[in-house]
Each structure stands twice: as C-alpha cells, then as structure tokens.
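File shown: work_33.txt. Contents: compact mmCIF, C-alpha atoms.
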# COMPACT_ATOMS: atom_id res chain seq x y z
CA MET A 987 -184.92 112.69 -37.01
CA ASN A 988 -184.57 110.22 -34.21
CA GLY A 989 -184.44 106.51 -34.90
CA ASN A 990 -186.16 105.45 -31.75
CA HIS A 991 -189.31 103.58 -32.66
CA GLU A 992 -190.76 103.16 -29.20
CA GLU A 993 -191.86 106.75 -28.90
CA VAL A 994 -192.71 107.61 -32.48
CA ASN A 995 -196.37 107.91 -33.34
CA ILE A 996 -198.07 109.35 -36.38
CA GLU A 997 -198.38 112.76 -34.78
CA GLY A 998 -194.63 112.72 -34.23
CA LEU A 999 -194.03 112.10 -37.94
CA LEU A 1000 -196.04 115.15 -39.00
CA ARG A 1001 -194.85 118.73 -39.03
CA ALA A 1002 -197.56 119.94 -36.68
CA ASP A 1003 -197.09 123.60 -37.60
CA ARG A 1004 -198.18 122.84 -41.18
CA ILE A 1005 -201.35 121.01 -40.16
CA PRO A 1006 -204.24 121.44 -41.07
CA HIS A 1007 -203.06 120.66 -44.57
CA ILE A 1008 -204.22 122.33 -47.79
CA TRP A 1009 -206.11 119.27 -49.09
CA CYS A 1010 -209.83 119.79 -49.70
CA PRO A 1011 -212.55 118.32 -47.49
CA GLY A 1012 -213.24 114.84 -48.88
CA CYS A 1013 -209.81 114.44 -50.45
CA GLY A 1014 -208.32 110.99 -49.88
CA LEU A 1015 -204.70 112.11 -49.76
CA GLY A 1016 -204.73 112.46 -45.99
CA SER A 1017 -205.93 108.86 -45.58
CA VAL A 1018 -203.19 107.60 -47.89
CA LEU A 1019 -200.57 109.67 -46.06
CA ARG A 1020 -201.78 108.29 -42.77
CA SER A 1021 -201.59 104.70 -44.08
CA PHE A 1022 -198.07 105.42 -45.30
CA LEU A 1023 -196.92 106.86 -41.97
CA SER A 1024 -198.41 104.04 -39.97
CA ALA A 1025 -196.82 101.54 -42.40
CA LEU A 1026 -193.50 103.28 -41.88
CA ILE A 1027 -193.82 102.92 -38.11
CA LYS A 1028 -194.86 99.27 -38.37
CA SER A 1029 -192.07 98.46 -40.84
CA GLU A 1030 -189.58 99.25 -38.04
CA LEU A 1031 -187.12 100.91 -40.37
CA PRO A 1032 -184.67 103.28 -38.69
CA LEU A 1033 -186.34 106.58 -39.43
CA ASP A 1034 -183.10 108.47 -39.86
CA LYS A 1035 -182.42 106.24 -42.87
CA VAL A 1036 -185.69 107.06 -44.62
CA ALA A 1037 -186.02 109.77 -47.24
CA VAL A 1038 -189.31 110.88 -48.75
CA VAL A 1039 -189.23 112.50 -52.17
CA SER A 1040 -192.21 114.02 -53.91
CA GLY A 1041 -192.86 116.03 -57.01
CA ILE A 1042 -195.34 118.78 -57.78
CA GLY A 1043 -199.07 118.70 -57.26
CA CYS A 1044 -201.46 118.17 -54.41
CA THR A 1045 -199.71 114.89 -53.55
CA GLY A 1046 -196.37 116.63 -53.89
CA ARG A 1047 -197.16 118.61 -50.76
CA THR A 1048 -196.54 115.44 -48.75
CA ALA A 1049 -192.81 116.09 -48.53
CA GLY A 1050 -193.57 119.25 -46.59
CA TYR A 1051 -195.88 117.55 -44.12
CA VAL A 1052 -193.70 114.64 -43.00
CA LYS A 1053 -191.11 115.18 -40.33
CA LEU A 1054 -188.53 112.99 -42.06
CA ASP A 1055 -185.72 113.77 -44.45
CA SER A 1056 -187.78 114.91 -47.39
CA PHE A 1057 -187.38 116.76 -50.64
CA HIS A 1058 -189.89 118.55 -52.84
CA THR A 1059 -188.53 118.28 -56.37
CA THR A 1060 -189.41 119.99 -59.63
CA HIS A 1061 -192.31 118.69 -61.69
CA GLY A 1062 -191.96 115.03 -62.65
CA ARG A 1063 -188.40 114.76 -61.39
CA ALA A 1064 -189.05 112.98 -58.11
CA ILE A 1065 -187.67 109.67 -59.41
CA PRO A 1066 -184.40 111.06 -60.90
CA PHE A 1067 -183.74 112.84 -57.61
CA ALA A 1068 -184.55 109.66 -55.66
CA THR A 1069 -182.26 107.64 -57.96
CA GLY A 1070 -179.39 110.01 -57.26
CA LEU A 1071 -180.11 109.90 -53.57
CA LYS A 1072 -180.07 106.11 -53.54
CA LEU A 1073 -176.84 105.86 -55.56
CA ALA A 1074 -175.05 108.45 -53.46
CA ASN A 1075 -176.12 106.89 -50.19
CA PRO A 1076 -177.11 103.23 -50.67
CA GLU A 1077 -178.01 102.88 -46.99
CA LEU A 1078 -181.04 105.11 -47.41
CA LYS A 1079 -184.54 103.76 -47.92
CA VAL A 1080 -185.89 106.09 -50.57
CA ILE A 1081 -189.65 106.46 -50.88
CA VAL A 1082 -191.23 108.49 -53.65
CA PHE A 1083 -194.70 109.75 -52.75
CA SER A 1084 -196.27 111.54 -55.66
CA GLY A 1085 -199.34 111.86 -57.82
CA ASP A 1086 -200.40 110.23 -61.06
CA GLY A 1087 -199.81 113.35 -63.14
CA ASP A 1088 -196.37 113.94 -61.74
CA LEU A 1089 -195.23 110.32 -62.03
CA SER A 1090 -196.92 108.97 -65.14
CA SER A 1091 -197.22 112.08 -67.28
CA ILE A 1092 -194.55 114.68 -66.66
CA GLY A 1093 -192.19 112.11 -65.17
CA GLY A 1094 -193.37 109.21 -67.33
CA ASN A 1095 -189.99 108.47 -68.83
CA HIS A 1096 -188.26 108.50 -65.48
CA LEU A 1097 -190.87 106.14 -64.09
CA ILE A 1098 -190.45 103.46 -66.76
CA HIS A 1099 -186.67 103.75 -66.78
CA ALA A 1100 -186.35 103.46 -63.02
CA ALA A 1101 -188.56 100.34 -63.26
CA ARG A 1102 -186.44 99.00 -66.14
CA ARG A 1103 -183.23 99.46 -64.13
CA ASN A 1104 -184.95 98.04 -61.05
CA MET A 1105 -183.71 100.81 -58.82
CA ASP A 1106 -184.11 99.90 -55.17
CA MET A 1107 -186.89 102.31 -54.15
CA THR A 1108 -190.57 102.36 -53.23
CA ILE A 1109 -193.05 104.41 -55.21
CA ILE A 1110 -196.42 105.38 -53.78
CA CYS A 1111 -198.49 106.82 -56.59
CA VAL A 1112 -201.71 108.51 -55.52
CA ASN A 1113 -204.07 108.34 -58.47
CA ASN A 1114 -207.00 110.77 -58.50
CA PHE A 1115 -207.52 110.62 -62.30
CA THR A 1116 -206.89 114.33 -62.85
CA TYR A 1117 -204.54 117.26 -62.37
CA GLY A 1118 -206.14 118.50 -59.17
CA MET A 1119 -203.98 121.45 -58.23
CA THR A 1120 -203.98 123.17 -61.61
CA GLY A 1121 -207.73 123.07 -62.17
CA GLY A 1122 -208.82 119.55 -63.06
CA GLN A 1123 -207.41 119.09 -66.57
CA ALA A 1124 -207.48 115.69 -68.25
CA ALA A 1125 -204.52 113.55 -67.15
CA PRO A 1126 -203.10 110.40 -68.77
CA THR A 1127 -205.03 108.43 -66.17
CA THR A 1128 -208.44 110.06 -66.77
CA PRO A 1129 -210.84 107.26 -67.80
CA LEU A 1130 -212.48 107.33 -71.21
CA ASN A 1131 -215.64 109.51 -71.32
CA ALA A 1132 -214.90 111.20 -67.99
CA ARG A 1133 -215.60 114.92 -67.93
CA THR A 1134 -212.82 117.25 -66.87
CA SER A 1135 -212.28 120.96 -67.32
CA THR A 1136 -210.42 120.35 -70.61
CA THR A 1137 -212.74 117.58 -71.84
CA PRO A 1138 -216.19 119.02 -71.07
CA TYR A 1139 -217.96 116.57 -73.41
CA GLY A 1140 -216.06 113.54 -72.17
CA ASN A 1141 -212.48 112.36 -72.44
CA TYR A 1142 -211.58 110.70 -75.76
CA GLU A 1143 -207.98 109.79 -74.90
CA ILE A 1144 -207.32 106.21 -73.90
CA PRO A 1145 -205.80 106.30 -70.41
CA PHE A 1146 -202.74 104.58 -69.01
CA ASN A 1147 -203.20 101.40 -67.06
CA ILE A 1148 -200.41 102.22 -64.63
CA PRO A 1149 -199.91 98.76 -63.03
CA TYR A 1150 -199.60 97.24 -66.52
CA LEU A 1151 -197.14 99.92 -67.61
CA ILE A 1152 -194.96 99.45 -64.55
CA ALA A 1153 -195.12 95.65 -64.61
CA ALA A 1154 -194.16 95.64 -68.28
CA ALA A 1155 -191.27 97.99 -67.58
CA GLY A 1156 -189.95 95.51 -65.02
CA ALA A 1157 -191.08 96.40 -61.50
CA VAL A 1158 -190.79 93.62 -58.93
CA TYR A 1159 -193.79 94.60 -56.82
CA VAL A 1160 -196.99 96.17 -58.14
CA SER A 1161 -200.19 96.60 -56.17
CA ARG A 1162 -203.22 98.81 -56.20
CA TRP A 1163 -205.55 99.83 -53.38
CA THR A 1164 -207.92 102.70 -52.80
CA ALA A 1165 -208.01 105.31 -50.04
CA MET A 1166 -210.95 103.38 -48.61
CA HIS A 1167 -208.87 100.21 -48.04
CA VAL A 1168 -206.74 101.87 -45.37
CA ARG A 1169 -205.59 98.69 -43.62
CA ARG A 1170 -204.83 96.73 -46.78
CA LEU A 1171 -203.03 99.75 -48.22
CA GLU A 1172 -200.94 99.94 -45.07
CA LYS A 1173 -200.03 96.24 -45.30
CA SER A 1174 -199.18 96.62 -48.95
CA ILE A 1175 -196.91 99.60 -48.26
CA ILE A 1176 -195.10 97.60 -45.57
CA GLU A 1177 -194.52 94.79 -48.09
CA ALA A 1178 -193.37 97.27 -50.71
CA ILE A 1179 -190.96 98.93 -48.29
CA HIS A 1180 -189.37 95.60 -47.41
CA LYS A 1181 -189.20 94.46 -51.04
CA LYS A 1182 -185.78 94.80 -52.60
CA GLY A 1183 -186.05 96.51 -55.95
CA PHE A 1184 -188.55 98.78 -57.63
CA SER A 1185 -191.80 98.41 -55.72
CA PHE A 1186 -194.89 100.30 -56.79
CA VAL A 1187 -198.13 100.90 -54.88
CA GLU A 1188 -200.96 102.71 -56.62
CA ALA A 1189 -203.45 104.31 -54.22
CA ILE A 1190 -206.67 105.50 -55.81
CA ALA A 1191 -207.95 108.56 -53.98
CA PRO A 1192 -211.05 110.71 -54.32
CA CYS A 1193 -210.74 114.23 -55.71
CA PRO A 1194 -214.25 115.63 -55.23
CA THR A 1195 -213.39 119.23 -56.07
CA GLN A 1196 -211.84 118.71 -59.50
CA TYR A 1197 -212.82 115.24 -60.68
CA GLY A 1198 -215.79 113.97 -58.68
CA ARG A 1199 -217.95 117.06 -59.08
CA LYS A 1200 -217.85 116.76 -62.87
CA ASN A 1201 -218.57 113.04 -62.87
CA ARG A 1202 -221.60 112.74 -60.62
CA GLN A 1203 -219.57 111.94 -57.53
CA ALA A 1204 -219.85 115.32 -55.89
CA THR A 1205 -218.33 114.56 -52.50
CA GLY A 1206 -215.41 112.57 -51.25
CA LEU A 1207 -217.87 110.36 -49.44
CA THR A 1208 -219.68 109.48 -52.69
CA GLN A 1209 -216.37 108.50 -54.25
CA MET A 1210 -215.37 106.45 -51.21
CA ASN A 1211 -218.75 104.67 -51.34
CA TYR A 1212 -218.15 103.99 -55.01
CA TYR A 1213 -214.77 102.42 -54.19
CA ARG A 1214 -216.35 100.31 -51.48
CA ASP A 1215 -219.14 99.04 -53.74
CA ASN A 1216 -217.08 98.54 -56.91
CA SER A 1217 -213.68 97.32 -55.75
CA ILE A 1218 -212.85 93.74 -56.59
CA ILE A 1219 -209.97 92.23 -54.67
CA ASN A 1220 -208.11 90.28 -57.30
CA HIS A 1221 -204.67 89.23 -56.09
CA GLY A 1222 -202.33 88.02 -58.79
CA ALA A 1223 -204.52 89.34 -61.59
CA ASP A 1224 -202.86 89.88 -64.95
CA PRO A 1225 -201.98 93.61 -64.96
CA ARG A 1226 -203.27 93.98 -68.52
CA ASP A 1227 -206.81 93.26 -67.27
CA VAL A 1228 -206.90 95.86 -64.50
CA GLY A 1229 -207.60 99.00 -66.52
CA ILE A 1230 -210.10 101.44 -65.04
CA GLU A 1231 -213.27 102.53 -66.80
CA LEU A 1232 -215.59 105.34 -65.82
CA ASN A 1233 -218.08 103.98 -63.26
CA GLY A 1234 -216.70 100.49 -63.86
CA PRO A 1235 -215.26 98.04 -61.38
CA ILE A 1236 -211.84 98.70 -59.85
CA ASN A 1237 -209.54 95.70 -59.59
CA VAL A 1238 -207.42 96.02 -56.47
CA GLY A 1239 -204.83 93.76 -54.92
CA LYS A 1240 -201.27 92.66 -55.37
CA PHE A 1241 -200.62 92.04 -59.05
CA VAL A 1242 -196.89 91.41 -59.27
CA ASP A 1243 -194.42 90.10 -56.69
CA ILE A 1244 -191.28 88.71 -58.34
CA ASP A 1245 -187.55 88.80 -57.69
CA ARG A 1246 -185.07 90.32 -60.09
CA ALA A 1247 -181.51 91.61 -59.76
CA THR A 1248 -181.45 95.28 -58.82
CA PHE A 1249 -179.41 98.04 -60.43
CA SER A 1250 -176.98 98.15 -57.51
CA ASP A 1251 -176.39 94.36 -57.59
CA LEU A 1252 -175.69 94.31 -61.34
CA GLN A 1253 -173.51 97.38 -61.08
CA ALA A 1254 -171.47 95.76 -58.30
CA ASP A 1255 -171.10 92.55 -60.37
CA ILE A 1256 -169.77 94.38 -63.41
CA LEU A 1257 -167.49 96.65 -61.42
CA ASP A 1258 -166.07 93.67 -59.50
CA LYS A 1259 -165.25 91.98 -62.82
CA ALA A 1260 -163.75 95.11 -64.34
CA PHE A 1261 -161.82 96.00 -61.22
CA PRO A 1262 -160.99 92.77 -59.37
CA PRO A 1263 -160.83 93.12 -55.59
CA GLU A 1264 -156.98 93.06 -55.49
CA SER A 1265 -156.78 96.15 -57.70
CA LYS A 1266 -159.62 97.91 -55.91
CA PRO A 1267 -157.64 100.20 -53.58
CA GLN A 1268 -155.87 101.57 -56.63
CA THR A 1269 -159.10 102.22 -58.55
CA GLU A 1270 -160.63 103.94 -55.56
CA THR A 1271 -157.72 106.35 -55.39
CA THR A 1272 -157.91 107.06 -59.11
CA ARG A 1273 -161.65 107.67 -58.85
CA THR A 1274 -161.31 110.18 -56.06
CA MET B 1119 -224.37 91.92 -27.29
CA LYS B 1120 -226.46 88.78 -27.60
CA TYR B 1121 -224.67 85.47 -28.17
CA TRP B 1122 -226.24 82.37 -29.69
CA ARG B 1123 -224.37 80.40 -27.07
CA LYS B 1124 -222.39 81.43 -24.03
CA PRO B 1125 -218.70 81.73 -24.96
CA LEU B 1126 -216.51 79.57 -22.69
CA ASP B 1127 -214.15 82.42 -21.87
CA GLN B 1128 -216.77 85.10 -21.46
CA ASP B 1129 -215.71 85.83 -17.88
CA LYS B 1130 -212.06 86.23 -18.76
CA VAL B 1131 -212.28 88.31 -21.92
CA LYS B 1132 -213.32 91.87 -21.30
CA PRO B 1133 -214.58 93.78 -24.32
CA VAL B 1134 -212.46 96.84 -25.02
CA HIS B 1135 -214.17 100.19 -24.86
CA GLY B 1136 -212.79 103.12 -26.76
CA ARG B 1137 -212.95 106.83 -26.23
CA ILE B 1138 -213.09 109.17 -29.20
CA HIS B 1139 -211.04 112.35 -29.20
CA LEU B 1140 -211.53 115.05 -31.81
CA LEU B 1141 -209.32 118.02 -32.59
CA PRO B 1142 -212.06 120.44 -33.74
CA GLU B 1143 -209.71 122.88 -35.45
CA ARG B 1144 -208.52 120.16 -37.85
CA CYS B 1145 -211.84 118.53 -38.76
CA LYS B 1146 -213.12 119.37 -42.25
CA GLY B 1147 -216.41 117.51 -41.95
CA CYS B 1148 -215.78 115.06 -44.78
CA GLY B 1149 -217.87 112.42 -43.01
CA PHE B 1150 -215.58 109.44 -43.70
CA CYS B 1151 -215.47 108.45 -40.02
CA VAL B 1152 -219.26 108.70 -39.67
CA LYS B 1153 -219.86 106.57 -42.75
CA PHE B 1154 -217.24 103.89 -42.23
CA CYS B 1155 -217.51 103.33 -38.44
CA PRO B 1156 -218.53 99.66 -38.19
CA ARG B 1157 -220.50 100.29 -34.97
CA ASP B 1158 -222.18 103.56 -36.03
CA VAL B 1159 -220.76 105.39 -33.05
CA LEU B 1160 -220.38 108.77 -34.72
CA GLU B 1161 -222.85 111.27 -36.10
CA GLU B 1162 -222.54 114.64 -37.75
CA SER B 1163 -223.53 117.38 -35.31
CA GLU B 1164 -224.91 120.88 -35.59
CA ARG B 1165 -221.76 122.30 -33.99
CA VAL B 1166 -219.37 124.03 -36.35
CA ASN B 1167 -215.72 124.87 -35.94
CA LYS B 1168 -213.94 128.14 -36.69
CA LYS B 1169 -213.95 127.44 -40.43
CA GLY B 1170 -217.62 126.48 -40.51
CA TYR B 1171 -217.25 122.74 -40.98
CA HIS B 1172 -219.74 120.54 -39.17
CA LEU B 1173 -218.03 118.57 -36.45
CA ILE B 1174 -218.81 115.02 -35.47
CA ASP B 1175 -220.21 113.75 -32.20
CA ALA B 1176 -219.60 110.38 -30.60
CA VAL B 1177 -223.27 109.82 -29.81
CA ARG B 1178 -222.98 106.12 -29.03
CA GLU B 1179 -219.53 106.03 -27.47
CA ASP B 1180 -220.48 103.01 -25.31
CA GLU B 1181 -220.64 100.94 -28.49
CA CYS B 1182 -217.06 101.81 -29.48
CA VAL B 1183 -214.70 98.83 -29.46
CA ALA B 1184 -211.57 100.86 -30.32
CA CYS B 1185 -211.07 99.27 -33.73
CA GLY B 1186 -209.40 102.49 -34.82
CA LEU B 1187 -210.89 102.65 -38.31
CA CYS B 1188 -212.03 106.27 -37.85
CA GLU B 1189 -208.50 107.17 -36.83
CA ALA B 1190 -207.06 105.33 -39.81
CA ILE B 1191 -209.41 106.79 -42.40
CA CYS B 1192 -209.48 110.40 -41.16
CA PRO B 1193 -207.71 112.44 -43.86
CA ASP B 1194 -207.12 115.37 -41.53
CA PHE B 1195 -205.46 113.61 -38.59
CA ALA B 1196 -208.27 115.03 -36.46
CA ILE B 1197 -209.68 111.99 -34.68
CA SER B 1198 -208.04 109.51 -32.36
CA VAL B 1199 -209.19 106.62 -30.25
CA THR B 1200 -207.86 105.50 -26.92
CA THR B 1201 -208.91 102.53 -24.87
CA GLU B 1202 -210.04 102.94 -21.30
CA ASP B 1203 -206.93 101.14 -20.03
CA GLU B 1204 -204.73 103.65 -21.81
CA MET B 1205 -206.69 106.50 -20.26
CA GLU B 1206 -206.14 105.10 -16.77
CA SER B 1207 -202.43 104.52 -17.27
CA THR B 1208 -201.82 108.04 -18.59
CA SER B 1209 -203.89 109.79 -15.92
CA VAL B 1210 -201.95 108.14 -13.06

What's the structure tokens form of this structure?
Amino acid sequence: MNGNHEEVNIEGLLRADRIPHIWCPGCGLGSVLRSFLSALIKSELPLDKVAVVSGIGCTGRTAGYVKLDSFHTTHGRAIPFATGLKLANPELKVIVFSGDGDLSSIGGNHLIHAARRNMDMTIICVNNFTYGMTGGQAAPTTPLNARTSTTPYGNYEIPFNIPYLIAAAGAVYVSRWTAMHVRRLEKSIIEAIHKKGFSFVEAIAPCPTQYGRKNRQATGLTQMNYYRDNSIINHGADPRDVGIELNGPINVGKFVDIDRATFSDLQADILDKAFPPESKPQTETTRT
Amino acid sequence: MKYWRKPLDQDKVKPVHGRIHLLPERCKGCGFCVKFCPRDVLEESERVNKKGYHLIDAVREDECVACGLCEAICPDFAISVTTEDEMESTSV
C-alpha cells in the first residue's frame, strides 16, 4: 500500500473487485466504513503503517473490502490478534473494526482486558443490536423487550451498555455516534486514531433485515430517521447513564477522554528498571 | 436565494454548484441520499438497475451546493459529487 496521501481517495482504499459489497440495502455498515476511510485519509497517517483487523460477522467483512494491510480473524479474536500485531511491530497503527457480537460477546473478555491494559489501538465497534449474519439472534446488546428470532415475545436479558463497560475497564477514549451522524463519526474516528491508548468508538447502525423488521422499523431509512429524531448529543455524559432502551432516546457524543499510561510505556519502564541500559546489549543477545 | 439584506461580498463569493454522479450498478436504492439531502436535490426514479433496485435521479441539480452529504452517507459507495470547477479542470 502506498503512503502517498495526495492521490489517495476513498475509491483507492477499497478493493474495487469486491464491490458491490454483501451488505443489505438499508444497512448502515457502508456509511460507517466510508466515515472510517475518510477519517483515515484526513488523519494523514502513513497508510503503509495502518493495519485493519476484524472478526466474524457482517462487520467482519470490512477487512476484505479495504485495500490496506488487513486481517480477518476467527470469531471474537480480533483484539488478541491486534494486540500481538501491535507488540510485534509497535510502529503500526492497529485499528479493529468489528461488530457488537464479535467484540462484546464472543470476544468480551479480550475487549475488557485490552482496555484494562490500555493497549495502544483503536476499536470501531459497529452496533446493530443483533447477530445479523447468522439470522438475527438476540445479542448481548439487544435492548430489553426487543423482538429477535430467538426472543419472539421480547428480549428479557438486560443488555450491555458498551461505553460504560469499556470506560469502567479503563479505556482512555470512548464515544458513540450513529450511522446517520456521518461527519461527527468521522471527526470522532480521527480523534480516536490520534489518541494514544485504547480508544473506542461505538457506531450504531441500522440492520433492517434482521433487527428492524421485527421491531417496527422495517427499512434502513426508518431506522436512520429514528436515530435522527431520538439522538441526544451529550458530550461528557456519565457512561452509566447512556444505556439504550427499545424506542428510547440514544445518547451520543464523546463520553470519556482521559490520559493514562499505555501498556507499552509501563512495559518499557519495568524492563528498563530490570535491565538497566548499560546491561541492555547483553540482555538483547540472551533474548535472541 | 433571497437575502434579507444584500451581503457585502455578494459579488466576490460565487456559490458552488455540484454535479451528482451515480454508479448505477452499485446503487441498492436504500434512499438515504434522497432523505438526507439538505437541498432536496434527489428523488427516487422509476428506472431500475440490473438487480432491480430503483435508482435515484438528480431532479433539481441546480440547487446542489456540493455539500457532499449524499456521498458521505451512501452505504454502497455509489454516489459522488464534483464541483463545476473540478469538472473544468479535469476535462482540460
């Protein structure tokens, strides 16, 4: 991938032979992907130092559509792979682009532990409240009382409030936008990319085929209209108050923006103490 | 456009006009661009593409100010906007 920013446009960052993509008409994933790509161009990062990692699911297809170094991992293991990538090559800017099911359910442990360690990476979590690809089963993000194919009378499991979970686990940057807020989402992704540490952007996206249809929002457009009418921009809100209810308001905005030592910094501190610089050449030879 | 007073720099500032370009084979007719265009430039048409999705038409293209929201919100990378200046510079 070339690092020349002058000539790169969004079309140049897509694998044109794979487009049109598999996402349904009315799905918001394309809008989120577009915001991400345009944020990447505006962030002026050298593109040969960017790696995109995604897991399984509709959102997981992203890794195959971007013409960057990308990897499509096994289910839920996008973050462990990204952690390894970052540790092996600290120069890389690692971006995990995956869905709510992949990140918060199957990969839930990895998500909270990467946030706890404050690994230097950016997570873009596309939340469509369901497992879209496998047939619309109830996910840990499905709001209470929402109908899905496995909860036909309404969901009775209390869902995750992902920004709260991530903020509590120790992320330094947490924000939430919807697929309708394309420009704000783009700005937020730029901020997250430049933030040192574990930065997390939740993008709420319509899934008309599997989620909307069963919850009286039959088209992507209905869901986008719902986001437009019910989103409340609430910067700096306490993450514990931003849970999502069925047909309730959606709090969006930047919730957390703090500074904390990253995993790599702390690791370097400890290793410098254990192996003072004068003895370093020796330790490097013993390690290799 | 009607102003409540005459802007002082009205002669110098030229409003930008955009041109809409659609890749018909990519459009899936979701209608996001039609709904969210702030100037109501676009409308769903009777034309269909190979897959049977209804395409969009730029019926009021003169109104377009090249804000680029349709381009940004299109989930299928099907629509793009250029300004008239860009068109001139590329055609030369």

Q) Any idea what the distance is between atom CA of Gly1222 of chain A and atom CA of Ile1065 of chain A? A)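 Result for atom CA of Gly1222 of chain A versus atom CA of Ile1065 of chain A: 26.2 Å, one decimal.
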
**Q.** Closest of B:Val1199, B:Val1134, B:Cys1151, B:Leu1140 to chain A - atom-to-atom distances counting all atoms listed in the file
**A.**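 Using all atoms listed in the file, the shortest distance to chain A belongs to B:Cys1151.
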
Q | Minimum-distance residue to chain B, chosen among A:Pro1129, A:Pro1263, A:Gly1206, A:Gly1062 (using all atoms listed in the file) | A | A:Gly1206

Q. Using all atoms listed in the file, which residue out of B:Asp1158, B:Glu1143, B:Glu1181, B:Asp1175 lies closest to chain A?
A. B:Glu1143

Q | Residues near Thr1120 of chain A, cut-off 10 Å, only C-alpha atoms, skip fewer than 6 positions along chain, as a ChimeraX atom specification | A | /A:1043-1044,1196
